[in-house]
file run_1.pdb (PDB, C-alpha atoms)
ATOM      1  CA  MET A   1      -1.365 -23.263  -8.833
ATOM      2  CA  PRO A   2      -2.222 -26.905  -8.112
ATOM      3  CA  GLY A   3      -3.535 -27.968  -4.786
ATOM      4  CA  GLY A   4      -5.785 -30.411  -3.075
ATOM      5  CA  TYR A   5      -6.461 -31.988   0.259
ATOM      6  CA  ASP A   6      -3.750 -32.259   2.892
ATOM      7  CA  PRO A   7      -0.786 -32.690   2.433
ATOM      8  CA  ASP A   8      -1.104 -31.368  -1.132
ATOM      9  CA  SER A   9      -2.677 -28.154   0.201
ATOM     10  CA  ARG A  10       0.737 -27.248   1.631
ATOM     11  CA  ARG A  11       2.520 -27.442  -1.715
ATOM     12  CA  CYS A  12       4.974 -24.597  -2.331
ATOM     13  CA  PHE A  13       4.143 -21.671  -4.584
ATOM     14  CA  ASP A  14       5.893 -21.854  -7.966
ATOM     15  CA  TRP A  15       8.079 -18.736  -7.739
ATOM     16  CA  GLU A  16       9.692 -19.549 -11.102
ATOM     17  CA  LYS A  17       6.446 -18.463 -12.776
ATOM     18  CA  VAL A  18       6.619 -15.130 -10.958
ATOM     19  CA  HIS A  19      10.169 -14.534 -12.164
ATOM     20  CA  THR A  20       9.193 -15.193 -15.785
ATOM     21  CA  ASP A  21       5.757 -13.532 -15.755
ATOM     22  CA  THR A  22       6.521  -9.808 -15.601
ATOM     23  CA  ASP A  23       2.853  -8.838 -15.125
ATOM     24  CA  VAL A  24       2.544 -10.938 -11.970
ATOM     25  CA  ARG A  25       5.883  -9.699 -10.680
ATOM     26  CA  LYS A  26       4.903  -6.070 -11.330
ATOM     27  CA  LYS A  27       1.563  -6.508  -9.508
ATOM     28  CA  LEU A  28       3.228  -8.193  -6.505
ATOM     29  CA  THR A  29       5.803  -5.391  -6.289
ATOM     30  CA  GLU A  30       3.044  -2.772  -6.570
ATOM     31  CA  LEU A  31       1.013  -4.343  -3.773
ATOM     32  CA  THR A  32       4.074  -4.821  -1.565
ATOM     33  CA  HIS A  33       4.893  -1.100  -1.738
ATOM     34  CA  ILE A  34       1.435  -0.234  -0.418
ATOM     35  CA  ARG A  35       2.406  -1.725   2.947
ATOM     36  CA  SER A  36       4.686   1.277   3.515
ATOM     37  CA  CYS A  37       1.679   3.608   3.861
ATOM     38  CA  THR A  38       1.143   4.636   7.493
ATOM     39  CA  ALA A  39      -2.607   4.211   7.179
ATOM     40  CA  ILE A  40      -2.232   0.536   6.266
ATOM     41  CA  THR A  41      -0.355  -0.370   9.432
ATOM     42  CA  ASP A  42      -1.815   2.049  11.990
ATOM     43  CA  GLY A  43      -5.072   3.361  10.625
ATOM     44  CA  ASN A  44      -8.635   3.265  11.832
ATOM     45  CA  VAL A  45     -10.840   1.217   9.514
ATOM     46  CA  GLU A  46     -14.087   2.463   7.955
ATOM     47  CA  LEU A  47     -16.328   0.227   5.847
ATOM     48  CA  ALA A  48     -19.040   1.350   3.466
ATOM     49  CA  ALA A  49     -21.079  -0.491   0.860
ATOM     50  CA  GLU A  50     -23.255   1.274  -1.669
ATOM     51  CA  ASN A  51     -24.723   0.196  -4.996
ATOM     52  CA  GLY A  52     -22.643  -2.996  -5.090
ATOM     53  CA  MET A  53     -19.363  -1.211  -4.353
ATOM     54  CA  LEU A  54     -17.419  -1.974  -1.166
ATOM     55  CA  CYS A  55     -15.096   0.732   0.163
ATOM     56  CA  VAL A  56     -12.553  -0.055   2.872
ATOM     57  CA  ARG A  57     -10.768   3.076   4.102
ATOM     58  CA  ARG A  58      -7.994   3.461   6.662
ATOM     59  CA  LYS A  59      -6.808   6.833   7.976
ATOM     60  CA  ALA A  60      -3.699   7.617  10.028
ATOM     61  CA  GLY A  61      -0.656   9.845  10.129
ATOM     62  CA  GLY A  62      -1.948  12.489   7.744
ATOM     63  CA  GLU A  63      -2.931  10.093   4.991
ATOM     64  CA  GLY A  64      -5.662   7.699   4.041
ATOM     65  CA  VAL A  65      -5.767   4.629   1.854
ATOM     66  CA  SER A  66      -9.009   3.515   0.235
ATOM     67  CA  LEU A  67      -9.815   0.215  -1.448
ATOM     68  CA  TYR A  68     -12.816   0.083  -3.785
ATOM     69  CA  ILE A  69     -14.080  -3.371  -4.802
ATOM     70  CA  ASN A  70     -16.888  -4.079  -7.246
ATOM     71  CA  MET A  71     -19.008  -6.876  -5.753
ATOM     72  CA  THR A  72     -21.354  -7.187  -8.738
ATOM     73  CA  GLU A  73     -21.241  -8.537 -12.276
ATOM     74  CA  GLU A  74     -21.744  -5.063 -13.778
ATOM     75  CA  GLN A  75     -19.610  -1.930 -13.985
ATOM     76  CA  ARG A  76     -20.028   0.299 -10.926
ATOM     77  CA  ARG A  77     -19.314   4.009 -10.485
ATOM     78  CA  GLN A  78     -19.099   6.114  -7.376
ATOM     79  CA  GLU A  79     -19.087   9.872  -7.882
ATOM     80  CA  HIS A  80     -17.431  12.571  -5.722
ATOM     81  CA  CYS A  81     -15.604  10.137  -3.434
ATOM     82  CA  LEU A  82     -12.003  11.333  -4.023
ATOM     83  CA  LYS A  83     -10.093  14.579  -4.227
ATOM     84  CA  ALA A  84      -8.671  15.132  -7.688
ATOM     85  CA  ASP A  85      -5.082  14.886  -6.413
ATOM     86  CA  SER A  86      -5.525  11.372  -4.985
ATOM     87  CA  LYS A  87      -2.819   8.964  -6.107
ATOM     88  CA  VAL A  88      -3.634   5.533  -7.558
ATOM     89  CA  LEU A  89      -1.505   2.904  -5.805
ATOM     90  CA  SER A  90      -2.887  -0.159  -7.569
ATOM     91  CA  ALA A  91      -5.758  -0.963  -9.897
ATOM     92  CA  HIS A  92      -7.225  -3.913 -11.755
ATOM     93  CA  ARG A  93     -10.071  -3.280 -14.172
ATOM     94  CA  ALA A  94     -10.700   0.141 -12.595
ATOM     95  CA  SER A  95      -9.999   3.832 -13.117
ATOM     96  CA  VAL A  96     -10.437   7.258 -11.564
ATOM     97  CA  LEU A  97     -13.079   9.392 -13.252
ATOM     98  CA  PRO A  98     -12.131  12.966 -14.210
ATOM     99  CA  ALA A  99     -12.901  15.831 -11.831
ATOM    100  CA  ALA A 100     -16.544  16.811 -12.014
ATOM    101  CA  GLY A 101     -15.987  20.558 -12.336
ATOM    102  CA  ASP A 102     -18.167  21.081  -9.271
ATOM    103  CA  GLY A 103     -15.760  23.530  -7.653
ATOM    104  CA  LYS A 104     -14.727  20.944  -5.066
ATOM    105  CA  MET A 105     -12.167  19.277  -7.346
ATOM    106  CA  THR A 106     -13.649  15.872  -6.623
ATOM    107  CA  CYS A 107     -13.606  12.844  -8.830
ATOM    108  CA  GLY A 108     -15.116   9.408  -8.757
ATOM    109  CA  VAL A 109     -14.153   5.833  -9.416
ATOM    110  CA  CYS A 110     -15.233   3.345 -12.044
ATOM    111  CA  VAL A 111     -14.688  -0.343 -11.281
ATOM    112  CA  GLU A 112     -15.436  -3.232 -13.633
ATOM    113  CA  PRO A 113     -16.631  -6.650 -12.373
ATOM    114  CA  GLU A 114     -13.868  -8.448 -10.446
ATOM    115  CA  GLY A 115     -11.951  -5.165 -10.320
ATOM    116  CA  TYR A 116     -10.458  -3.081  -7.558
ATOM    117  CA  LEU A 117      -8.850   0.315  -7.069
ATOM    118  CA  ILE A 118      -6.500   1.375  -4.244
ATOM    119  CA  VAL A 119      -5.825   5.101  -3.788
ATOM    120  CA  ARG A 120      -3.898   7.264  -1.310
ATOM    121  CA  GLU A 121      -5.246  10.598  -0.117
ATOM    122  CA  GLN A 122      -3.406  13.293   1.835
ATOM    123  CA  ARG A 123      -4.726  14.939   5.024
ATOM    124  CA  GLU A 124      -6.613  17.799   3.344
ATOM    125  CA  ALA A 125      -8.478  15.267   1.215
ATOM    126  CA  LEU A 126      -9.625  13.366   4.291
ATOM    127  CA  ASP A 127     -11.412  16.205   6.056
TER     128      ASP A 127
END

call {"tool": "encode", "arguments": {"input": "run_1.pdb", "output": "structure tokens"}}
result
Amino acid sequence: MPGGYDPDSRRCFDWEKVHTDTDVRKKLTELTHIRSCTAITDGNVELAAENGMLCVRRKAGGEGVSLYINMTEEQRRQEHCLKADSKVLSAHRASVLPAAGDGKMTCGVCVEPEGYLIVREQREALD
């Protein structure tokens, strides 16, 4: 998207590219649907940073939404941070690691550089 100093900085977004680029359209639709989660609009915010991974979590109305962002130039993993039944809402260069078999049915996340992962957890997973 071109841009520059004012007034060029106010140039319109080229929506024609979105209509022809199905990957961009799919990602925009995916992210737009996340706004319907109660925790996004009404939740309390918790921030945590560990080992180069930023986690932003909001909880409300029996659900939670967590965003994991890799802030480094190397792959980052965080173990035992999710219940195994957490639902991936959106991801870019990231994945949920399989349950650890620790009896708690927890799993972790793996996020590549410049990647993110957004997951939804139900009430029992938040406690």

call {"tool": "atom_distance", "arguments": {"input": "run_1.pdb", "atom1": "CA of Gly61 (chain A)", "atom2": "CA of Gly43 (chain A)"}}
result
7.9 Å

call {"tool": "closest_residue", "arguments": {"input": "run_1.pdb", "among": "A:Glu63, A:Asp23, A:Glu73, A:Glu30", "to": "Gly115 (chain A)", "atoms": "all atoms listed in the file"}}
result
A:Glu73

call {"tool": "closest_residue", "arguments": {"input": "run_1.pdb", "among": "A:Lys87, A:Arg76, A:Arg35, A:Lys59", "to": "Tyr116 (chain A)", "atoms": "only C-alpha atoms"}}
result
A:Arg76

call {"tool": "atom_distance", "arguments": {"input": "run_1.pdb", "atom1": "CA of Val111 (chain A)", "atom2": "CA of Tyr68 (chain A)"}}
result
7.7 Å

call {"tool": "closest_residue", "arguments": {"input": "run_1.pdb", "among": "A:Met71, A:Pro98, A:Glu46, A:Ser90", "to": "Leu117 (chain A)", "atoms": "only C-alpha atoms"}}
result
A:Ser90

call {"tool": "atom_distance", "arguments": {"input": "run_1.pdb", "atom1": "CA of Ala39 (chain A)", "atom2": "CA of Thr22 (chain A)"}}
result
28.3 Å

call {"tool": "resolve_selection", "arguments": {"input": "run_1.pdb", "expression": "the PyMOL selection byres ((chain A and resi 54) around 12)", "output": "number ranges by chain"}}
result
A: 46-53, 55-57, 66-72, 76-78, 109, 111, 114-118

call {"tool": "write_last_selection", "arguments": {"input": "run_1.pdb", "atoms": "C-alpha atoms", "output": "mmCIF file, in the frame of the given file"}}
result
data_model
loop_
_atom_site.group_PDB
_atom_site.id
_atom_site.type_symbol
_atom_site.label_atom_id
_atom_site.label_comp_id
_atom_site.auth_asym_id
_atom_site.auth_seq_id
_atom_site.Cartn_x
_atom_site.Cartn_y
_atom_site.Cartn_z
ATOM 1 C CA GLU A 46 -14.087 2.463 7.955
ATOM 2 C CA LEU A 47 -16.328 0.227 5.847
ATOM 3 C CA ALA A 48 -19.040 1.350 3.466
ATOM 4 C CA ALA A 49 -21.079 -0.491 0.860
ATOM 5 C CA GLU A 50 -23.255 1.274 -1.669
ATOM 6 C CA ASN A 51 -24.723 0.196 -4.996
ATOM 7 C CA GLY A 52 -22.643 -2.996 -5.090
ATOM 8 C CA MET A 53 -19.363 -1.211 -4.353
ATOM 9 C CA CYS A 55 -15.096 0.732 0.163
ATOM 10 C CA VAL A 56 -12.553 -0.055 2.872
ATOM 11 C CA ARG A 57 -10.768 3.076 4.102
ATOM 12 C CA SER A 66 -9.009 3.515 0.235
ATOM 13 C CA LEU A 67 -9.815 0.215 -1.448
ATOM 14 C CA TYR A 68 -12.816 0.083 -3.785
ATOM 15 C CA ILE A 69 -14.080 -3.371 -4.802
ATOM 16 C CA ASN A 70 -16.888 -4.079 -7.246
ATOM 17 C CA MET A 71 -19.008 -6.876 -5.753
ATOM 18 C CA THR A 72 -21.354 -7.187 -8.738
ATOM 19 C CA ARG A 76 -20.028 0.299 -10.926
ATOM 20 C CA ARG A 77 -19.314 4.009 -10.485
ATOM 21 C CA GLN A 78 -19.099 6.114 -7.376
ATOM 22 C CA VAL A 109 -14.153 5.833 -9.416
ATOM 23 C CA VAL A 111 -14.688 -0.343 -11.281
ATOM 24 C CA GLU A 114 -13.868 -8.448 -10.446
ATOM 25 C CA GLY A 115 -11.951 -5.165 -10.320
ATOM 26 C CA TYR A 116 -10.458 -3.081 -7.558
ATOM 27 C CA LEU A 117 -8.850 0.315 -7.069
ATOM 28 C CA ILE A 118 -6.500 1.375 -4.244
#

call {"tool": "residues_near_point", "arguments": {"input": "run_1.pdb", "point": "(-6.9, 13.9, -5.3)", "cutoff": "12 Å", "atoms": "all atoms listed in the file", "output": "number ranges by chain"}}
result
A: 63-66, 80-88, 96-99, 104-109, 119-126

call {"tool": "build_atoms", "arguments": {"input": "run_1.pdb", "residues": "region 14-50 of chain A", "atoms": "N, CA and C atoms", "output": "PDB file, in the coordinates of the input"}}
result
ATOM      1  N   ASP A  14       4.909 -21.767  -6.883  1.00  0.00           N
ATOM      2  CA  ASP A  14       5.893 -21.854  -7.966  1.00  0.00           C
ATOM      3  C   ASP A  14       6.439 -20.461  -8.273  1.00  0.00           C
ATOM      4  N   TRP A  15       7.499 -20.062  -7.572  1.00  0.00           N
ATOM      5  CA  TRP A  15       8.079 -18.736  -7.739  1.00  0.00           C
ATOM      6  C   TRP A  15       8.755 -18.570  -9.087  1.00  0.00           C
ATOM      7  N   GLU A  16       9.092 -19.652  -9.765  1.00  0.00           N
ATOM      8  CA  GLU A  16       9.692 -19.549 -11.102  1.00  0.00           C
ATOM      9  C   GLU A  16       8.729 -18.854 -12.061  1.00  0.00           C
ATOM     10  N   LYS A  17       7.440 -19.117 -11.919  1.00  0.00           N
ATOM     11  CA  LYS A  17       6.446 -18.463 -12.776  1.00  0.00           C
ATOM     12  C   LYS A  17       6.415 -16.958 -12.525  1.00  0.00           C
ATOM     13  N   VAL A  18       6.602 -16.555 -11.285  1.00  0.00           N
ATOM     14  CA  VAL A  18       6.619 -15.130 -10.958  1.00  0.00           C
ATOM     15  C   VAL A  18       7.819 -14.455 -11.606  1.00  0.00           C
ATOM     16  N   HIS A  19       8.955 -15.113 -11.585  1.00  0.00           N
ATOM     17  CA  HIS A  19      10.169 -14.534 -12.164  1.00  0.00           C
ATOM     18  C   HIS A  19      10.072 -14.403 -13.677  1.00  0.00           C
ATOM     19  N   THR A  20       9.308 -15.263 -14.330  1.00  0.00           N
ATOM     20  CA  THR A  20       9.193 -15.193 -15.785  1.00  0.00           C
ATOM     21  C   THR A  20       7.979 -14.394 -16.235  1.00  0.00           C
ATOM     22  N   ASP A  21       6.965 -14.275 -15.402  1.00  0.00           N
ATOM     23  CA  ASP A  21       5.757 -13.532 -15.755  1.00  0.00           C
ATOM     24  C   ASP A  21       5.887 -12.111 -15.203  1.00  0.00           C
ATOM     25  N   THR A  22       6.262 -11.176 -16.061  1.00  0.00           N
ATOM     26  CA  THR A  22       6.521  -9.808 -15.601  1.00  0.00           C
ATOM     27  C   THR A  22       5.265  -9.107 -15.087  1.00  0.00           C
ATOM     28  N   ASP A  23       4.084  -9.458 -15.607  1.00  0.00           N
ATOM     29  CA  ASP A  23       2.853  -8.838 -15.125  1.00  0.00           C
ATOM     30  C   ASP A  23       2.583  -9.213 -13.668  1.00  0.00           C
ATOM     31  N   VAL A  24       2.757 -10.487 -13.347  1.00  0.00           N
ATOM     32  CA  VAL A  24       2.544 -10.938 -11.970  1.00  0.00           C
ATOM     33  C   VAL A  24       3.581 -10.308 -11.050  1.00  0.00           C
ATOM     34  N   ARG A  25       4.804 -10.281 -11.493  1.00  0.00           N
ATOM     35  CA  ARG A  25       5.883  -9.699 -10.680  1.00  0.00           C
ATOM     36  C   ARG A  25       5.622  -8.212 -10.426  1.00  0.00           C
ATOM     37  N   LYS A  26       5.196  -7.501 -11.465  1.00  0.00           N
ATOM     38  CA  LYS A  26       4.903  -6.070 -11.330  1.00  0.00           C
ATOM     39  C   LYS A  26       3.766  -5.845 -10.327  1.00  0.00           C
ATOM     40  N   LYS A  27       2.705  -6.659 -10.414  1.00  0.00           N
ATOM     41  CA  LYS A  27       1.563  -6.508  -9.508  1.00  0.00           C
ATOM     42  C   LYS A  27       1.970  -6.821  -8.067  1.00  0.00           C
ATOM     43  N   LEU A  28       2.761  -7.870  -7.856  1.00  0.00           N
ATOM     44  CA  LEU A  28       3.228  -8.193  -6.505  1.00  0.00           C
ATOM     45  C   LEU A  28       4.079  -7.072  -5.925  1.00  0.00           C
ATOM     46  N   THR A  29       4.961  -6.503  -6.734  1.00  0.00           N
ATOM     47  CA  THR A  29       5.803  -5.391  -6.289  1.00  0.00           C
ATOM     48  C   THR A  29       4.947  -4.179  -5.939  1.00  0.00           C
ATOM     49  N   GLU A  30       3.956  -3.895  -6.789  1.00  0.00           N
ATOM     50  CA  GLU A  30       3.044  -2.772  -6.570  1.00  0.00           C
ATOM     51  C   GLU A  30       2.308  -2.925  -5.244  1.00  0.00           C
ATOM     52  N   LEU A  31       1.765  -4.104  -5.000  1.00  0.00           N
ATOM     53  CA  LEU A  31       1.013  -4.343  -3.773  1.00  0.00           C
ATOM     54  C   LEU A  31       1.917  -4.341  -2.540  1.00  0.00           C
ATOM     55  N   THR A  32       3.127  -4.815  -2.681  1.00  0.00           N
ATOM     56  CA  THR A  32       4.074  -4.821  -1.565  1.00  0.00           C
ATOM     57  C   THR A  32       4.421  -3.405  -1.128  1.00  0.00           C
ATOM     58  N   HIS A  33       4.561  -2.486  -2.076  1.00  0.00           N
ATOM     59  CA  HIS A  33       4.893  -1.100  -1.738  1.00  0.00           C
ATOM     60  C   HIS A  33       3.773  -0.403  -0.953  1.00  0.00           C
ATOM     61  N   ILE A  34       2.562  -0.847  -1.122  1.00  0.00           N
ATOM     62  CA  ILE A  34       1.435  -0.234  -0.418  1.00  0.00           C
ATOM     63  C   ILE A  34       1.570  -0.423   1.093  1.00  0.00           C
ATOM     64  N   ARG A  35       2.227  -1.478   1.511  1.00  0.00           N
ATOM     65  CA  ARG A  35       2.406  -1.725   2.947  1.00  0.00           C
ATOM     66  C   ARG A  35       3.170  -0.613   3.645  1.00  0.00           C
ATOM     67  N   SER A  36       3.914   0.191   2.896  1.00  0.00           N
ATOM     68  CA  SER A  36       4.686   1.277   3.515  1.00  0.00           C
ATOM     69  C   SER A  36       3.823   2.475   3.905  1.00  0.00           C
ATOM     70  N   CYS A  37       2.580   2.513   3.496  1.00  0.00           N
ATOM     71  CA  CYS A  37       1.679   3.608   3.861  1.00  0.00           C
ATOM     72  C   CYS A  37       1.318   3.503   5.344  1.00  0.00           C
ATOM     73  N   THR A  38       1.446   4.605   6.064  1.00  0.00           N
ATOM     74  CA  THR A  38       1.143   4.636   7.493  1.00  0.00           C
ATOM     75  C   THR A  38      -0.272   4.160   7.779  1.00  0.00           C
ATOM     76  N   ALA A  39      -1.207   4.562   6.949  1.00  0.00           N
ATOM     77  CA  ALA A  39      -2.607   4.211   7.179  1.00  0.00           C
ATOM     78  C   ALA A  39      -2.849   2.704   7.119  1.00  0.00           C
ATOM     79  N   ILE A  40      -2.054   1.987   6.372  1.00  0.00           N
ATOM     80  CA  ILE A  40      -2.232   0.536   6.266  1.00  0.00           C
ATOM     81  C   ILE A  40      -1.864  -0.157   7.573  1.00  0.00           C
ATOM     82  N   THR A  41      -0.823   0.304   8.220  1.00  0.00           N
ATOM     83  CA  THR A  41      -0.355  -0.370   9.432  1.00  0.00           C
ATOM     84  C   THR A  41      -0.974   0.162  10.713  1.00  0.00           C
ATOM     85  N   ASP A  42      -1.354   1.438  10.748  1.00  0.00           N
ATOM     86  CA  ASP A  42      -1.815   2.049  11.990  1.00  0.00           C
ATOM     87  C   ASP A  42      -3.208   2.661  11.922  1.00  0.00           C
ATOM     88  N   GLY A  43      -3.852   2.596  10.807  1.00  0.00           N
ATOM     89  CA  GLY A  43      -5.072   3.361  10.625  1.00  0.00           C
ATOM     90  C   GLY A  43      -6.324   2.775  11.233  1.00  0.00           C
ATOM     91  N   ASN A  44      -7.292   3.667  11.438  1.00  0.00           N
ATOM     92  CA  ASN A  44      -8.635   3.265  11.832  1.00  0.00           C
ATOM     93  C   ASN A  44      -9.382   2.838  10.579  1.00  0.00           C
ATOM     94  N   VAL A  45     -10.159   1.784  10.676  1.00  0.00           N
ATOM     95  CA  VAL A  45     -10.840   1.217   9.514  1.00  0.00           C
ATOM     96  C   VAL A  45     -12.277   1.713   9.438  1.00  0.00           C
ATOM     97  N   GLU A  46     -12.696   2.105   8.234  1.00  0.00           N
ATOM     98  CA  GLU A  46     -14.087   2.463   7.955  1.00  0.00           C
ATOM     99  C   GLU A  46     -14.553   1.594   6.797  1.00  0.00           C
ATOM    100  N   LEU A  47     -15.751   1.039   6.910  1.00  0.00           N
ATOM    101  CA  LEU A  47     -16.328   0.227   5.847  1.00  0.00           C
ATOM    102  C   LEU A  47     -17.605   0.881   5.350  1.00  0.00           C
ATOM    103  N   ALA A  48     -17.804   0.844   4.052  1.00  0.00           N
ATOM    104  CA  ALA A  48     -19.040   1.350   3.466  1.00  0.00           C
ATOM    105  C   ALA A  48     -19.366   0.511   2.237  1.00  0.00           C
ATOM    106  N   ALA A  49     -20.634   0.238   2.049  1.00  0.00           N
ATOM    107  CA  ALA A  49     -21.079  -0.491   0.860  1.00  0.00           C
ATOM    108  C   ALA A  49     -22.272   0.248   0.282  1.00  0.00           C
ATOM    109  N   GLU A  50     -22.193   0.535  -1.002  1.00  0.00           N
ATOM    110  CA  GLU A  50     -23.255   1.274  -1.669  1.00  0.00           C
ATOM    111  C   GLU A  50     -23.311   0.856  -3.129  1.00  0.00           C
TER     112      GLU A  50
END
